[in-house]
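For reference, structure-v8.pdb (PDB, C-alpha atoms):
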ATOM      1  CA  MET O   1      88.354  98.766  99.888
ATOM      2  CA  ASN O   2      85.939 100.962  97.917
ATOM      3  CA  PHE O   3      88.029 100.283  94.839
ATOM      4  CA  PHE O   4      86.989  96.637  94.830
ATOM      5  CA  HIS O   5      83.293  97.437  95.166
ATOM      6  CA  ASN O   6      83.310  99.511  91.999
ATOM      7  CA  SER O   7      81.874  97.338  89.230
ATOM      8  CA  ASN O   8      83.366  99.645  86.594
ATOM      9  CA  ILE O   9      86.720  97.893  87.014
ATOM     10  CA  PHE O  10      85.200  94.686  85.640
ATOM     11  CA  ILE O  11      83.755  96.547  82.663
ATOM     12  CA  TRP O  12      87.134  98.053  81.786
ATOM     13  CA  VAL O  13      88.958  94.763  82.307
ATOM     14  CA  GLU O  14      86.512  92.949  80.045
ATOM     15  CA  LYS O  15      86.842  95.638  77.374
ATOM     16  CA  LEU O  16      90.618  95.438  77.455
ATOM     17  CA  ILE O  17      90.564  91.642  77.293
ATOM     18  CA  ALA O  18      88.188  91.760  74.318
ATOM     19  CA  PHE O  19      90.341  94.362  72.533
ATOM     20  CA  ILE O  20      93.569  92.397  73.005
ATOM     21  CA  ASN O  21      91.857  89.212  71.849
ATOM     22  CA  SER O  22      90.638  90.996  68.709
ATOM     23  CA  ILE O  23      94.144  91.974  67.564
ATOM     24  CA  PHE O  24      96.415  89.394  69.181
ATOM     25  CA  PHE O  25      96.441  86.666  66.544
ATOM     26  CA  ALA O  26      96.955  89.134  63.691
ATOM     27  CA  VAL O  27      99.909  90.703  65.514
ATOM     28  CA  LEU O  28     101.270  87.241  66.396
ATOM     29  CA  LEU O  29     101.071  86.119  62.770
ATOM     30  CA  ALA O  30     102.920  89.222  61.607
ATOM     31  CA  ALA O  31     105.598  88.828  64.309
ATOM     32  CA  LEU O  32     106.191  85.150  63.515
ATOM     33  CA  SER O  33     106.325  85.876  59.784
ATOM     34  CA  PHE O  34     109.054  88.467  60.224
ATOM     35  CA  ALA O  35     110.944  86.417  62.832
ATOM     36  CA  LEU O  36     110.873  83.091  61.004
ATOM     37  CA  ILE O  37     110.661  84.037  57.325
ATOM     38  CA  PHE O  38     111.526  87.608  56.420
ATOM     39  CA  SER O  39     114.403  88.277  58.831
ATOM     40  CA  PRO O  40     117.806  87.153  57.519
ATOM     41  CA  PRO O  41     119.975  84.455  59.118
ATOM     42  CA  ASP O  42     123.031  85.622  61.015
ATOM     43  CA  TYR O  43     126.323  85.460  59.105
ATOM     44  CA  LEU O  44     127.886  83.434  61.952
ATOM     45  CA  GLN O  45     125.000  81.733  63.770
ATOM     46  CA  GLY O  46     122.803  81.041  60.772
ATOM     47  CA  ASP O  47     119.130  80.325  61.451
ATOM     48  CA  SER O  48     119.785  79.528  65.119
ATOM     49  CA  VAL O  49     119.785  83.287  65.714
ATOM     50  CA  ARG O  50     115.983  83.185  65.333
ATOM     51  CA  ILE O  51     115.801  81.873  68.906
ATOM     52  CA  MET O  52     116.708  85.453  69.834
ATOM     53  CA  TYR O  53     113.210  86.610  68.893
ATOM     54  CA  VAL O  54     111.799  84.663  71.843
ATOM     55  CA  HIS O  55     114.784  84.571  74.191
ATOM     56  CA  VAL O  56     115.524  88.298  74.337
ATOM     57  CA  PRO O  57     111.913  89.544  74.793
ATOM     58  CA  ALA O  58     111.347  86.839  77.419
ATOM     59  CA  ALA O  59     114.396  88.056  79.343
ATOM     60  CA  TRP O  60     113.243  91.678  79.070
ATOM     61  CA  ILE O  61     109.797  90.794  80.362
ATOM     62  CA  SER O  62     111.147  88.715  83.246
ATOM     63  CA  LEU O  63     113.392  91.558  84.422
ATOM     64  CA  ALA O  64     110.747  94.248  83.960
ATOM     65  CA  SER O  65     108.103  92.160  85.748
ATOM     66  CA  PHE O  66     110.224  91.599  88.843
ATOM     67  CA  THR O  67     111.242  95.257  88.912
ATOM     68  CA  CYS O  68     107.545  96.217  88.891
ATOM     69  CA  ILE O  69     106.803  93.711  91.659
ATOM     70  CA  ALA O  70     109.626  95.078  93.813
ATOM     71  CA  LEU O  71     108.594  98.710  93.281
ATOM     72  CA  LEU O  72     104.959  97.873  94.068
ATOM     73  CA  SER O  73     106.127  96.093  97.227
ATOM     74  CA  ILE O  74     108.087  99.166  98.314
ATOM     75  CA  LEU O  75     105.085 101.421  97.657
ATOM     76  CA  ASN O  76     102.835  99.025  99.533
ATOM     77  CA  PHE O  77     105.184  99.156 102.535
ATOM     78  CA  ILE O  78     104.920 102.956 102.510
ATOM     79  CA  PHE O  79     101.307 103.628 101.568
ATOM     80  CA  LYS O  80      99.561 100.347 102.521
ATOM     81  CA  ILE O  81      97.486 100.267  99.325
ATOM     82  CA  LYS O  82      96.006  96.801  98.856
ATOM     83  CA  ASN O  83      95.709  97.153  95.110
ATOM     84  CA  PHE O  84      99.515  97.220  94.818
ATOM     85  CA  THR O  85      99.589  93.728  96.343
ATOM     86  CA  LEU O  86      96.976  92.425  93.910
ATOM     87  CA  VAL O  87      98.848  93.829  90.921
ATOM     88  CA  ALA O  88     102.135  92.314  92.142
ATOM     89  CA  LYS O  89     100.490  88.916  92.707
ATOM     90  CA  SER O  90      99.008  89.075  89.198
ATOM     91  CA  ILE O  91     102.353  89.916  87.586
ATOM     92  CA  ALA O  92     104.423  87.288  89.420
ATOM     93  CA  PRO O  93     103.286  84.139  87.535
ATOM     94  CA  ILE O  94     103.875  85.902  84.222
ATOM     95  CA  GLY O  95     107.376  86.924  85.216
ATOM     96  CA  PHE O  96     108.183  83.438  86.496
ATOM     97  CA  VAL O  97     107.043  81.767  83.268
ATOM     98  CA  PHE O  98     109.042  84.156  81.097
ATOM     99  CA  THR O  99     112.104  83.701  83.287
ATOM    100  CA  CYS O 100     111.851  79.962  82.643
ATOM    101  CA  ILE O 101     111.359  80.610  78.911
ATOM    102  CA  ALA O 102     114.430  82.858  78.853
ATOM    103  CA  ILE O 103     116.545  80.212  80.603
ATOM    104  CA  VAL O 104     115.342  77.338  78.409
ATOM    105  CA  THR O 105     115.642  79.201  75.090
ATOM    106  CA  GLY O 106     119.029  80.524  76.161
ATOM    107  CA  SER O 107     120.159  76.962  76.818
ATOM    108  CA  ILE O 108     118.900  75.811  73.409
ATOM    109  CA  TRP O 109     120.608  78.777  71.749
ATOM    110  CA  GLY O 110     123.799  78.101  73.668
ATOM    111  CA  GLN O 111     124.369  74.627  72.190
ATOM    112  CA  PRO O 112     125.021  75.691  68.573
ATOM    113  CA  THR O 113     126.573  79.023  69.606
ATOM    114  CA  TRP O 114     128.812  78.066  72.541
ATOM    115  CA  GLY O 115     128.978  74.303  72.103
ATOM    116  CA  THR O 116     127.195  73.609  75.398
ATOM    117  CA  PHE O 117     123.647  73.778  76.741
ATOM    118  CA  TRP O 118     124.705  75.123  80.117
ATOM    119  CA  ALA O 119     127.481  77.099  81.741
ATOM    120  CA  TRP O 120     127.376  78.548  85.218
ATOM    121  CA  ASP O 121     128.483  82.001  84.160
ATOM    122  CA  ALA O 122     127.322  85.202  85.871
ATOM    123  CA  ARG O 123     124.364  85.927  83.567
ATOM    124  CA  ILE O 124     122.925  82.415  83.643
ATOM    125  CA  THR O 125     123.439  81.995  87.386
ATOM    126  CA  SER O 126     121.805  85.335  88.201
ATOM    127  CA  MET O 127     118.849  84.477  85.940
ATOM    128  CA  VAL O 128     118.376  81.182  87.787
ATOM    129  CA  LEU O 129     118.492  83.155  91.029
ATOM    130  CA  LEU O 130     115.778  85.437  89.645
ATOM    131  CA  GLY O 131     113.620  82.384  88.972
ATOM    132  CA  ILE O 132     114.118  81.289  92.586
ATOM    133  CA  PHE O 133     113.033  84.714  93.848
ATOM    134  CA  TYR O 134     109.922  84.482  91.676
ATOM    135  CA  PHE O 135     109.182  80.990  92.989
ATOM    136  CA  VAL O 136     109.580  82.012  96.633
ATOM    137  CA  PHE O 137     107.403  85.099  96.092
ATOM    138  CA  ILE O 138     104.580  83.019  94.584
ATOM    139  CA  ALA O 139     104.981  80.186  97.114
ATOM    140  CA  THR O 140     104.704  82.649 100.003
ATOM    141  CA  TYR O 141     101.051  83.277  99.226
ATOM    142  CA  LYS O 142     100.418  79.549  98.864
ATOM    143  CA  LEU O 143     102.114  78.497 102.113
ATOM    144  CA  ILE O 144     101.236  81.363 104.489
ATOM    145  CA  SER O 145      97.522  81.501 105.212
ATOM    146  CA  LYS O 146      97.539  84.780 107.130
ATOM    147  CA  GLU O 147      97.237  87.446 104.461
ATOM    148  CA  GLU O 148      99.032  90.252 106.295
ATOM    149  CA  THR O 149     102.025  88.039 107.107
ATOM    150  CA  ALA O 150     102.153  86.705 103.559
ATOM    151  CA  ASN O 151     102.175  90.241 102.164
ATOM    152  CA  LYS O 152     105.059  91.259 104.417
ATOM    153  CA  VAL O 153     107.165  88.195 103.643
ATOM    154  CA  ALA O 154     106.490  88.458  99.904
ATOM    155  CA  SER O 155     107.379  92.149  99.925
ATOM    156  CA  ILE O 156     110.688  91.430 101.673
ATOM    157  CA  VAL O 157     111.463  88.715  99.106
ATOM    158  CA  ALA O 158     110.686  91.098  96.239
ATOM    159  CA  ILE O 159     112.795  93.925  97.675
ATOM    160  CA  LEU O 160     115.748  91.598  98.282
ATOM    161  CA  GLY O 161     115.360  90.189  94.783
ATOM    162  CA  LEU O 162     115.560  93.686  93.331
ATOM    163  CA  ILE O 163     119.287  93.670  94.150
ATOM    164  CA  ASN O 164     119.687  90.878  91.586
ATOM    165  CA  ILE O 165     118.250  92.907  88.681
ATOM    166  CA  PRO O 166     121.275  95.180  88.089
ATOM    167  CA  ILE O 167     123.531  92.144  88.575
ATOM    168  CA  ILE O 168     121.749  90.414  85.683
ATOM    169  CA  LYS O 169     121.856  93.561  83.568
ATOM    170  CA  TYR O 170     125.539  94.366  84.041
ATOM    171  CA  SER O 171     126.929  90.866  84.608
ATOM    172  CA  VAL O 172     128.343  90.735  81.063
ATOM    173  CA  GLU O 173     130.280  93.939  81.767
ATOM    174  CA  TRP O 174     131.403  93.177  85.327
ATOM    175  CA  TRP O 175     132.598  89.598  84.737
ATOM    176  CA  SER O 176     133.897  87.453  81.924
ATOM    177  CA  THR O 177     130.862  85.552  80.603
ATOM    178  CA  LEU O 178     129.791  83.689  77.485
ATOM    179  CA  HIS O 179     127.083  86.260  76.810
ATOM    180  CA  GLN O 180     127.788  89.096  74.430
ATOM    181  CA  PRO O 181     127.168  92.697  75.584
ATOM    182  CA  ALA O 182     123.790  94.277  74.913
ATOM    183  CA  SER O 183     123.149  94.896  71.213
ATOM    184  CA  ILE O 184     120.338  97.401  71.861
ATOM    185  CA  LYS O 185     121.239 100.499  73.838
ATOM    186  CA  ILE O 186     118.790 103.273  74.673
ATOM    187  CA  ALA O 187     121.505 105.805  75.479
ATOM    188  CA  GLY O 188     123.925 104.717  72.772
ATOM    189  CA  SER O 189     124.155 103.256  69.303
ATOM    190  CA  SER O 190     122.708  99.782  68.797
ATOM    191  CA  THR O 191     124.781  97.143  67.043
ATOM    192  CA  ILE O 192     121.857  95.053  65.770
ATOM    193  CA  HIS O 193     120.796  95.568  62.141
ATOM    194  CA  SER O 194     117.339  96.998  61.422
ATOM    195  CA  SER O 195     116.380  93.819  59.531
ATOM    196  CA  MET O 196     116.634  91.979  62.859
ATOM    197  CA  LEU O 197     115.662  94.824  65.170
ATOM    198  CA  MET O 198     112.173  95.254  63.715
ATOM    199  CA  PRO O 199     111.179  91.567  64.079
ATOM    200  CA  LEU O 200     112.649  91.580  67.587
ATOM    201  CA  LEU O 201     110.626  94.608  68.668
ATOM    202  CA  LEU O 202     107.513  93.250  66.959
ATOM    203  CA  MET O 203     107.853  89.951  68.822
ATOM    204  CA  PHE O 204     108.436  91.876  72.043
ATOM    205  CA  PHE O 205     105.222  93.823  71.457
ATOM    206  CA  THR O 206     103.355  90.582  70.744
ATOM    207  CA  LEU O 207     104.562  88.986  73.968
ATOM    208  CA  LEU O 208     103.652  92.159  75.869
ATOM    209  CA  LEU O 209     100.110  91.856  74.535
ATOM    210  CA  TYR O 210     100.034  88.250  75.722
ATOM    211  CA  CYS O 211     101.313  89.312  79.142
ATOM    212  CA  ALA O 212      98.674  92.036  79.354
ATOM    213  CA  LEU O 213      95.969  89.499  78.543
ATOM    214  CA  ILE O 214      97.132  87.031  81.196
ATOM    215  CA  PHE O 215      97.623  89.831  83.720
ATOM    216  CA  LEU O 216      94.085  91.168  83.234
ATOM    217  CA  MET O 217      92.587  87.697  83.639
ATOM    218  CA  LYS O 218      94.637  87.030  86.775
ATOM    219  CA  TYR O 219      93.908  90.500  88.173
ATOM    220  CA  LYS O 220      90.191  90.021  87.622
ATOM    221  CA  THR O 221      90.366  86.671  89.428
ATOM    222  CA  GLU O 222      92.143  88.276  92.394
ATOM    223  CA  ILE O 223      89.505  91.005  92.676
ATOM    224  CA  ILE O 224      86.695  88.429  92.562
ATOM    225  CA  ARG O 225      88.465  86.446  95.291
ATOM    226  CA  ILE O 226      88.656  89.540  97.507
ATOM    227  CA  LYS O 227      85.010  90.405  96.923
ATOM    228  CA  LYS O 228      83.910  86.854  97.780
ATOM    229  CA  LYS O 229      86.069  86.854 100.896
ATOM    230  CA  ASN O 230      84.513  90.112 102.075
ATOM    231  CA  LEU O 231      81.035  88.762 101.309
ATOM    232  CA  TYR O 232      81.635  85.669 103.431
ATOM    233  CA  ARG O 233      82.806  87.857 106.297
ATOM    234  CA  LYS O 234      79.562  89.813 106.168
ATOM    235  CA  ILE O 235      77.530  86.613 106.242
TER
END

Final structure tokens representation of the file:
Amino acid sequence: MNFFHNSNIFIWVEKLIAFINSIFFAVLLAALSFALIFSPPDYLQGDSVRIMYVHVPAAWISLASFTCIALLSILNFIFKIKNFTLVAKSIAPIGFVFTCIAIVTGSIWGQPTWGTFWAWDARITSMVLLGIFYFVFIATYKLISKEETANKVASIVAILGLINIPIIKYSVEWWSTLHQPASIKIAGSSTIHSSMLMPLLLMFFTLLLYCALIFLMKYKTEIIRIKKKNLYRKI
């Protein structure tokens, strides 16, 4: 618990929050300009392809967030480090929100592209399942008052939910779905043009900055809650 009594953590958190605030709106303006104005329309989808600049980064963030939560839960099971729990709790609301954004924007994008707002294909269904795992993880801490029990249950939920991540990733390859295969491949050649790739990555970076800002604020709140709880115990 010495980590939480070190006031330096608040200094660093405040500095990071101030730094992100100082650059966020400039980066956001640049990202929106490229996504909405300078990037070209798709030769088939037209301007509806611009939904991609929110949908795809939101999906990336939702998957990455839950993966982090699951890995932190595994490490917490092994090493019993309380800070892993606080970080996971701080990430979860962000991941849940971006999962919802990915589902909603995907539905809006689906109407002009597929002719329907919704189809229970493998990718969509597994993303909805991810949202449920997020919801149960967050609700665990709200419904279970005993902290140790809540941590165990939430960790089990996160570890079980980790099985769903590769299903989401490879669902378009394993089953016949409406979704196209990944256009950006780290180990292979990407099929997306640079005129669309740069705005996409810039928007992804912008949303990551936003996530970092929300995470730091939530993390700071969790630390303050722990410190107050320990103070009340001493009294």

Open item on the list: Can you measure CA of Ser145 (chain O) to CA of Ser90 (chain O) for me? One decimal in Å is fine.
Closed with: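 Spanning CA of Ser145 (chain O) to CA of Ser90 (chain O) is a straight-line distance of 17.8 Å.
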
Task: Atom-to-atom span, CA of Leu44 (chain O) and CA of Trp174 (chain O), Å - done: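 If I compute the distance from CA of Leu44 (chain O) to CA of Trp174 (chain O), I get 25.6 Å.
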
Expected selection from the PyMOL selection byres ((chain O and resi 195) around 12), given as a JSON list (two decimals) with C-alpha atoms, in the frame of the given file:
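Once everything was written out, this is out-v3.json:
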[["chain", "number", "residue", "atom", "x", "y", "z"],
["O", 34, "PHE", "CA", 109.05, 88.47, 60.22],
["O", 35, "ALA", "CA", 110.94, 86.42, 62.83],
["O", 37, "ILE", "CA", 110.66, 84.04, 57.32],
["O", 38, "PHE", "CA", 111.53, 87.61, 56.42],
["O", 39, "SER", "CA", 114.40, 88.28, 58.83],
["O", 40, "PRO", "CA", 117.81, 87.15, 57.52],
["O", 41, "PRO", "CA", 119.98, 84.46, 59.12],
["O", 42, "ASP", "CA", 123.03, 85.62, 61.02],
["O", 191, "THR", "CA", 124.78, 97.14, 67.04],
["O", 192, "ILE", "CA", 121.86, 95.05, 65.77],
["O", 193, "HIS", "CA", 120.80, 95.57, 62.14],
["O", 194, "SER", "CA", 117.34, 97.00, 61.42],
["O", 196, "MET", "CA", 116.63, 91.98, 62.86],
["O", 197, "LEU", "CA", 115.66, 94.82, 65.17],
["O", 198, "MET", "CA", 112.17, 95.25, 63.72],
["O", 199, "PRO", "CA", 111.18, 91.57, 64.08],
["O", 200, "LEU", "CA", 112.65, 91.58, 67.59],
["O", 201, "LEU", "CA", 110.63, 94.61, 68.67],
["O", 202, "LEU", "CA", 107.51, 93.25, 66.96]]

Task: Neighbour list for region 12-27 of chain O as a ChimeraX atom specification, cut-off 7 Å, only C-alpha atoms, skip fewer than 2 positions in-chain - done: /O:8-10,29-31,206,209,213,216

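Among the candidates O:Ile69, O:Val49, O:Ile61, O:Ile223, the residue lying nearest to Ala158 (chain O) is O:Ile69 (atoms considered: only C-alpha atoms).
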
Just so the selection is clear, what residues does the PyMOL selection byres ((chain O and resi 57-59) around 6) cover here, as a short mmCIF file (atom, residue, chain, number, x, y, z; two decimals) with C-alpha atoms, keeping the file's coordinate frame?
data_model
loop_
_atom_site.label_atom_id
_atom_site.label_comp_id
_atom_site.auth_asym_id
_atom_site.auth_seq_id
_atom_site.Cartn_x
_atom_site.Cartn_y
_atom_site.Cartn_z
CA VAL O 54 111.80 84.66 71.84
CA HIS O 55 114.78 84.57 74.19
CA VAL O 56 115.52 88.30 74.34
CA TRP O 60 113.24 91.68 79.07
CA ILE O 61 109.80 90.79 80.36
CA SER O 62 111.15 88.72 83.25
CA PHE O 98 109.04 84.16 81.10
CA ALA O 102 114.43 82.86 78.85
CA PHE O 204 108.44 91.88 72.04
#

- [ ] Spell out the residues picked by the PyMOL selection byres ((chain O and resi 65) around 12) here, as a PyMOL selection string.
- [x] chain O and resi 57-64+66-72+87-99+130-131+134+158+161-162+165+208+211-212+215

For C-alpha atoms, I'd like the residues from the last selection saved as a PDB file, in the coordinates of the input.
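Once everything was written out, this is selection_34.pdb:
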ATOM      1  CA  PRO O  57     111.913  89.544  74.793  1.00  0.00           C
ATOM      2  CA  ALA O  58     111.347  86.839  77.419  1.00  0.00           C
ATOM      3  CA  ALA O  59     114.396  88.056  79.343  1.00  0.00           C
ATOM      4  CA  TRP O  60     113.243  91.678  79.070  1.00  0.00           C
ATOM      5  CA  ILE O  61     109.797  90.794  80.362  1.00  0.00           C
ATOM      6  CA  SER O  62     111.147  88.715  83.246  1.00  0.00           C
ATOM      7  CA  LEU O  63     113.392  91.558  84.422  1.00  0.00           C
ATOM      8  CA  ALA O  64     110.747  94.248  83.960  1.00  0.00           C
ATOM      9  CA  PHE O  66     110.224  91.599  88.843  1.00  0.00           C
ATOM     10  CA  THR O  67     111.242  95.257  88.912  1.00  0.00           C
ATOM     11  CA  CYS O  68     107.545  96.217  88.891  1.00  0.00           C
ATOM     12  CA  ILE O  69     106.803  93.711  91.659  1.00  0.00           C
ATOM     13  CA  ALA O  70     109.626  95.078  93.813  1.00  0.00           C
ATOM     14  CA  LEU O  71     108.594  98.710  93.281  1.00  0.00           C
ATOM     15  CA  LEU O  72     104.959  97.873  94.068  1.00  0.00           C
ATOM     16  CA  VAL O  87      98.848  93.829  90.921  1.00  0.00           C
ATOM     17  CA  ALA O  88     102.135  92.314  92.142  1.00  0.00           C
ATOM     18  CA  LYS O  89     100.490  88.916  92.707  1.00  0.00           C
ATOM     19  CA  SER O  90      99.008  89.075  89.198  1.00  0.00           C
ATOM     20  CA  ILE O  91     102.353  89.916  87.586  1.00  0.00           C
ATOM     21  CA  ALA O  92     104.423  87.288  89.420  1.00  0.00           C
ATOM     22  CA  PRO O  93     103.286  84.139  87.535  1.00  0.00           C
ATOM     23  CA  ILE O  94     103.875  85.902  84.222  1.00  0.00           C
ATOM     24  CA  GLY O  95     107.376  86.924  85.216  1.00  0.00           C
ATOM     25  CA  PHE O  96     108.183  83.438  86.496  1.00  0.00           C
ATOM     26  CA  VAL O  97     107.043  81.767  83.268  1.00  0.00           C
ATOM     27  CA  PHE O  98     109.042  84.156  81.097  1.00  0.00           C
ATOM     28  CA  THR O  99     112.104  83.701  83.287  1.00  0.00           C
ATOM     29  CA  LEU O 130     115.778  85.437  89.645  1.00  0.00           C
ATOM     30  CA  GLY O 131     113.620  82.384  88.972  1.00  0.00           C
ATOM     31  CA  TYR O 134     109.922  84.482  91.676  1.00  0.00           C
ATOM     32  CA  ALA O 158     110.686  91.098  96.239  1.00  0.00           C
ATOM     33  CA  GLY O 161     115.360  90.189  94.783  1.00  0.00           C
ATOM     34  CA  LEU O 162     115.560  93.686  93.331  1.00  0.00           C
ATOM     35  CA  ILE O 165     118.250  92.907  88.681  1.00  0.00           C
ATOM     36  CA  LEU O 208     103.652  92.159  75.869  1.00  0.00           C
ATOM     37  CA  CYS O 211     101.313  89.312  79.142  1.00  0.00           C
ATOM     38  CA  ALA O 212      98.674  92.036  79.354  1.00  0.00           C
ATOM     39  CA  PHE O 215      97.623  89.831  83.720  1.00  0.00           C
TER      40      PHE O 215
END

Open item on the list: I want to know what sits within 9 Å of Arg123 (chain O), based on all atoms listed in the file, with residues of the same chain fewer than 4 positions away left out; could you give that as JSON, numbers by chain?
Closed with: {"O": [127, 128, 167, 168, 169, 170, 171, 172, 177, 178, 179]}

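One distance worth recording is that between CA of Ile156 (chain O) and CA of Lys228 (chain O), which is 27.4 Å.
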
Open item on the list: I need the residue nearest Asp47 (chain O) from this list: O:Gln180, O:Gly106, O:Ile81, O:Thr113. Use only C-alpha atoms for the distance.
Closed with: O:Thr113

Starting from 5 Å padding per side, set up an axis-aligned box that covers all listed atoms of region 52-69 of chain O and hand over centre and edge lengths in Å, one decimal, as AutoDock Vina command-line options.
--center_x 111.8 --center_y 90.4 --center_z 80.3 --size_x 19.9 --size_y 21.6 --size_z 32.8

Task: Residue nearest Gly110 (chain O) among O:Ser48, O:Thr125, O:Thr149, O:Asn83 (counting all atoms listed in the file) - done: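 Among the listed residues, O:Ser48 lies closest to Gly110 (chain O).
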
TODO: Go through O:Trp175, O:Lys227, O:Ile11, O:Leu36 one by one, measure the shortest atom-to-atom distance of each to Ala122 (chain O) using all atoms listed in the file, and give the residue with the smallest value.
DONE: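 For Ala122 (chain O), the nearest of the candidates is O:Trp175.
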
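Using only C-alpha atoms, the contacts of Val136 (chain O) at a cut-off of 10 Å, with sequence neighbours closer than 6 positions omitted, comprise Leu130, Lys142, Leu143, Val153, Ala154, Val157 and Ala158 of chain O.
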
Kindly output region 49-66 of chain O as a PDB file, in the frame of the given file, after building N, CA and C atoms.
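The file below, rebuild38.pdb, is the result:
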ATOM      1  N   VAL O  49     119.956  81.953  65.134  1.00  0.00           N
ATOM      2  CA  VAL O  49     119.785  83.287  65.714  1.00  0.00           C
ATOM      3  C   VAL O  49     118.312  83.619  65.911  1.00  0.00           C
ATOM      4  N   ARG O  50     117.419  82.909  65.223  1.00  0.00           N
ATOM      5  CA  ARG O  50     115.983  83.185  65.333  1.00  0.00           C
ATOM      6  C   ARG O  50     115.447  82.900  66.744  1.00  0.00           C
ATOM      7  N   ILE O  51     116.180  82.099  67.508  1.00  0.00           N
ATOM      8  CA  ILE O  51     115.801  81.873  68.906  1.00  0.00           C
ATOM      9  C   ILE O  51     115.813  83.195  69.671  1.00  0.00           C
ATOM     10  N   MET O  52     116.626  84.133  69.209  1.00  0.00           N
ATOM     11  CA  MET O  52     116.708  85.453  69.834  1.00  0.00           C
ATOM     12  C   MET O  52     115.349  86.138  69.926  1.00  0.00           C
ATOM     13  N   TYR O  53     114.483  85.902  68.946  1.00  0.00           N
ATOM     14  CA  TYR O  53     113.210  86.610  68.893  1.00  0.00           C
ATOM     15  C   TYR O  53     112.244  86.178  70.000  1.00  0.00           C
ATOM     16  N   VAL O  54     112.556  85.071  70.650  1.00  0.00           N
ATOM     17  CA  VAL O  54     111.799  84.663  71.843  1.00  0.00           C
ATOM     18  C   VAL O  54     112.637  84.881  73.098  1.00  0.00           C
ATOM     19  N   HIS O  55     113.912  84.510  73.014  1.00  0.00           N
ATOM     20  CA  HIS O  55     114.784  84.571  74.191  1.00  0.00           C
ATOM     21  C   HIS O  55     114.934  85.991  74.739  1.00  0.00           C
ATOM     22  N   VAL O  56     115.258  86.930  73.883  1.00  0.00           N
ATOM     23  CA  VAL O  56     115.524  88.298  74.337  1.00  0.00           C
ATOM     24  C   VAL O  56     114.267  88.967  74.897  1.00  0.00           C
ATOM     25  N   PRO O  57     113.118  88.950  74.188  1.00  0.00           N
ATOM     26  CA  PRO O  57     111.913  89.544  74.793  1.00  0.00           C
ATOM     27  C   PRO O  57     111.502  88.873  76.098  1.00  0.00           C
ATOM     28  N   ALA O  58     111.686  87.545  76.178  1.00  0.00           N
ATOM     29  CA  ALA O  58     111.347  86.839  77.419  1.00  0.00           C
ATOM     30  C   ALA O  58     112.214  87.331  78.572  1.00  0.00           C
ATOM     31  N   ALA O  59     113.497  87.545  78.306  1.00  0.00           N
ATOM     32  CA  ALA O  59     114.396  88.056  79.343  1.00  0.00           C
ATOM     33  C   ALA O  59     114.007  89.475  79.745  1.00  0.00           C
ATOM     34  N   TRP O  60     113.685  90.312  78.762  1.00  0.00           N
ATOM     35  CA  TRP O  60     113.243  91.678  79.070  1.00  0.00           C
ATOM     36  C   TRP O  60     112.017  91.673  79.972  1.00  0.00           C
ATOM     37  N   ILE O  61     111.049  90.842  79.608  1.00  0.00           N
ATOM     38  CA  ILE O  61     109.797  90.794  80.362  1.00  0.00           C
ATOM     39  C   ILE O  61     110.032  90.274  81.774  1.00  0.00           C
ATOM     40  N   SER O  62     110.888  89.276  81.908  1.00  0.00           N
ATOM     41  CA  SER O  62     111.147  88.715  83.246  1.00  0.00           C
ATOM     42  C   SER O  62     111.788  89.754  84.156  1.00  0.00           C
ATOM     43  N   LEU O  63     112.735  90.525  83.627  1.00  0.00           N
ATOM     44  CA  LEU O  63     113.392  91.558  84.422  1.00  0.00           C
ATOM     45  C   LEU O  63     112.437  92.703  84.749  1.00  0.00           C
ATOM     46  N   ALA O  64     111.682  93.144  83.750  1.00  0.00           N
ATOM     47  CA  ALA O  64     110.747  94.248  83.960  1.00  0.00           C
ATOM     48  C   ALA O  64     109.645  93.859  84.948  1.00  0.00           C
ATOM     49  N   SER O  65     109.170  92.621  84.862  1.00  0.00           N
ATOM     50  CA  SER O  65     108.103  92.160  85.748  1.00  0.00           C
ATOM     51  C   SER O  65     108.555  92.162  87.197  1.00  0.00           C
ATOM     52  N   PHE O  66     109.763  91.638  87.454  1.00  0.00           N
ATOM     53  CA  PHE O  66     110.224  91.599  88.843  1.00  0.00           C
ATOM     54  C   PHE O  66     110.520  92.999  89.361  1.00  0.00           C
TER      55      PHE O  66
END
